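Below you'll find the structure, written out as C-alpha cells, and then a few comments.
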Amino acid sequence: MIVSKWTRLGLRTVALIYLFVLLLVPVGLIFWRSFEHGFGQFWEWITTPAAISALQLSLLIVVIVVPLNVIFGVVTALALARGRFRGKGVLQAVVDLPFAVSPVVVGVALIALWGVDGWFGGLESLGIRIIFGLPGMVLATIFVTLPFVVREVEPVLREIGTEQEEAAVTLGATGWQTFWRITLPAIRWGLTYGVVLTVARALGEYGAVTMVSSNFPGVSQTLTLLVHSRYTDDYNEFGAYAAATLLMLVAIVVLVAMTIIERRVQGRVADASSAIVEEEKN
C-alpha cells in the first residue's frame, strides 16, 4: 500500500498524540507528584520499613517466578512447535487461558483450591500456609505470567525450522548438546523478550495477588499492594505516588540490566563466530 507523505505524517502525529495522552502524561504526572515536596520527602516515603519490605517481597516473587516460567515456557514451546500429539489444541488453549481469565478470578480459584476449605486445605493443618502467604502469591503470579515465554519462543522455533537440529543429531550431538548449542542461541531473542514481559507483569501484578495476600505490611504486601493501601486506606496520596514511582524505577532498572546483558551475550557470540571463521581460514 502506497501512501502520500502527508498521510504518513498524519498517521505518525496521531500515534504520537495517542501515546502522549495515554502514556507520557500519566507517567509524568506521577513523577511530578512524587517529587513535589522534594527528593528528601520522596526518599523518606520509599525507605519506610513497609516500603523496603514490599520491595524485597516483589523482587523475591520475581526471582522465583521467572526461572520457573522460563523452564516451563521453553519446554512447552518446544512441545507445541516440534511435537505431534493428541490434545495439542487443548494445550494451546490452556496456555492462553491467563489472557482470557480475570486475575481476580484466578485469585478466587486459588482460594477455592488451596484455602482452608479447598481441595488441598489439609495442608494448613500441617503448618503449610499457601493462601495469605508467599506460596499463594507466587502461584498467582506464575499463573498470570505463564503465557509470555511460550508465546514469544514458539513462533521463533517454527521460523528457524528443524534443519540445523537434525544436522547436529546426525553429527553425533546429544539432545542436550543440540538444545544448548543450536536451539537456545536461535531462540535467545524471543526468550529474552518473554523474560522481560514476565518480569514486568510479575512486578505490576495486583488483581490475583490481592486475593491471596493478607496485605499485612512487612508480611505479604508487595509494592502494588503498598500503593493501593497508601492511597485508599492511609489516605497518603503522595506516599502512594512515591511507591508507584519506585515500582516504575525498579522496572526500568530491570529492563536496562537485561538489555546490557543481552548486548554482552550478543558480543560474545559475535566474537566466537569471528574466531571460528578465522580458524577455518587458517
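Each chain in the C-alpha cells gets a letter, A, B and so on, in the order shown; residues start at 1 in every chain, and ligands are counted from 1 in the order they appear.
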
Near-Leu57 (chain A) list (8 Å; only C-alpha atoms; drop same-chain fewer than 2 positions) as an MDAnalysis selection string: chainID A and resid 53:55 59:61 220:222

Contact check, region 34-110 of chain A to region 209-215 of chain A, at most 12 Å, counting only C-alpha atoms, closest pairs as a tab-separated table:
```
residue	atom	partner	partner_atom	distance
A:Ala50	CA	A:Asn215	CA	10.9
A:Ser53	CA	A:Asn215	CA	11.8
A:Ala54	CA	A:Asn215	CA	10.0
A:Leu57	CA	A:Asn215	CA	11.7
A:Ser58	CA	A:Val209	CA	10.8
A:Ile61	CA	A:Val209	CA	10.8
A:Ser102	CA	A:Met211	CA	11.8
A:Pro103	CA	A:Val209	CA	8.2
A:Val104	CA	A:Met211	CA	6.7
A:Val105	CA	A:Met211	CA	8.9
A:Val106	CA	A:Met211	CA	8.6
A:Gly107	CA	A:Met211	CA	5.0
A:Val108	CA	A:Met211	CA	6.6
A:Ala109	CA	A:Met211	CA	9.7
A:Leu110	CA	A:Val212	CA	7.5
```

Which residue, A:Ala51, A:Val75, A:Ala200, A:Ala15, has the smallest gap to Pro217 (chain A) when you use only C-alpha atoms? A:Ala51

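Here CA of Val256 (chain A) is placed at a distance of 22.4 Å from CA of Thr141 (chain A).
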
Pull the closest atom pair for each residue of region 62-158 of chain A that gets at most 9 Å from region 181-197 of chain A, along with the distance in Å to one decimal, counting only C-alpha atoms, ordering rows by chain and then ascending residue number, as JSON lines.
```
{"residue": "A:Val66", "atom": "CA", "partner": "A:Val195", "partner_atom": "CA", "distance": 6.8}
{"residue": "A:Pro67", "atom": "CA", "partner": "A:Val195", "partner_atom": "CA", "distance": 8.9}
{"residue": "A:Asn69", "atom": "CA", "partner": "A:Val195", "partner_atom": "CA", "distance": 8.5}
{"residue": "A:Val70", "atom": "CA", "partner": "A:Val195", "partner_atom": "CA", "distance": 7.2}
{"residue": "A:Gly73", "atom": "CA", "partner": "A:Leu191", "partner_atom": "CA", "distance": 8.9}
{"residue": "A:Val74", "atom": "CA", "partner": "A:Leu191", "partner_atom": "CA", "distance": 8.0}
{"residue": "A:Thr145", "atom": "CA", "partner": "A:Leu197", "partner_atom": "CA", "distance": 8.2}
{"residue": "A:Pro147", "atom": "CA", "partner": "A:Gly194", "partner_atom": "CA", "distance": 8.8}
{"residue": "A:Phe148", "atom": "CA", "partner": "A:Gly194", "partner_atom": "CA", "distance": 5.2}
{"residue": "A:Val149", "atom": "CA", "partner": "A:Gly194", "partner_atom": "CA", "distance": 4.2}
{"residue": "A:Val150", "atom": "CA", "partner": "A:Gly194", "partner_atom": "CA", "distance": 7.6}
{"residue": "A:Arg151", "atom": "CA", "partner": "A:Gly194", "partner_atom": "CA", "distance": 7.7}
{"residue": "A:Glu152", "atom": "CA", "partner": "A:Gly190", "partner_atom": "CA", "distance": 5.0}
{"residue": "A:Val153", "atom": "CA", "partner": "A:Gly190", "partner_atom": "CA", "distance": 5.0}
{"residue": "A:Glu154", "atom": "CA", "partner": "A:Gly190", "partner_atom": "CA", "distance": 8.5}
{"residue": "A:Pro155", "atom": "CA", "partner": "A:Gly190", "partner_atom": "CA", "distance": 8.5}
{"residue": "A:Val156", "atom": "CA", "partner": "A:Ile187", "partner_atom": "CA", "distance": 6.1}
{"residue": "A:Leu157", "atom": "CA", "partner": "A:Ile187", "partner_atom": "CA", "distance": 6.8}
```
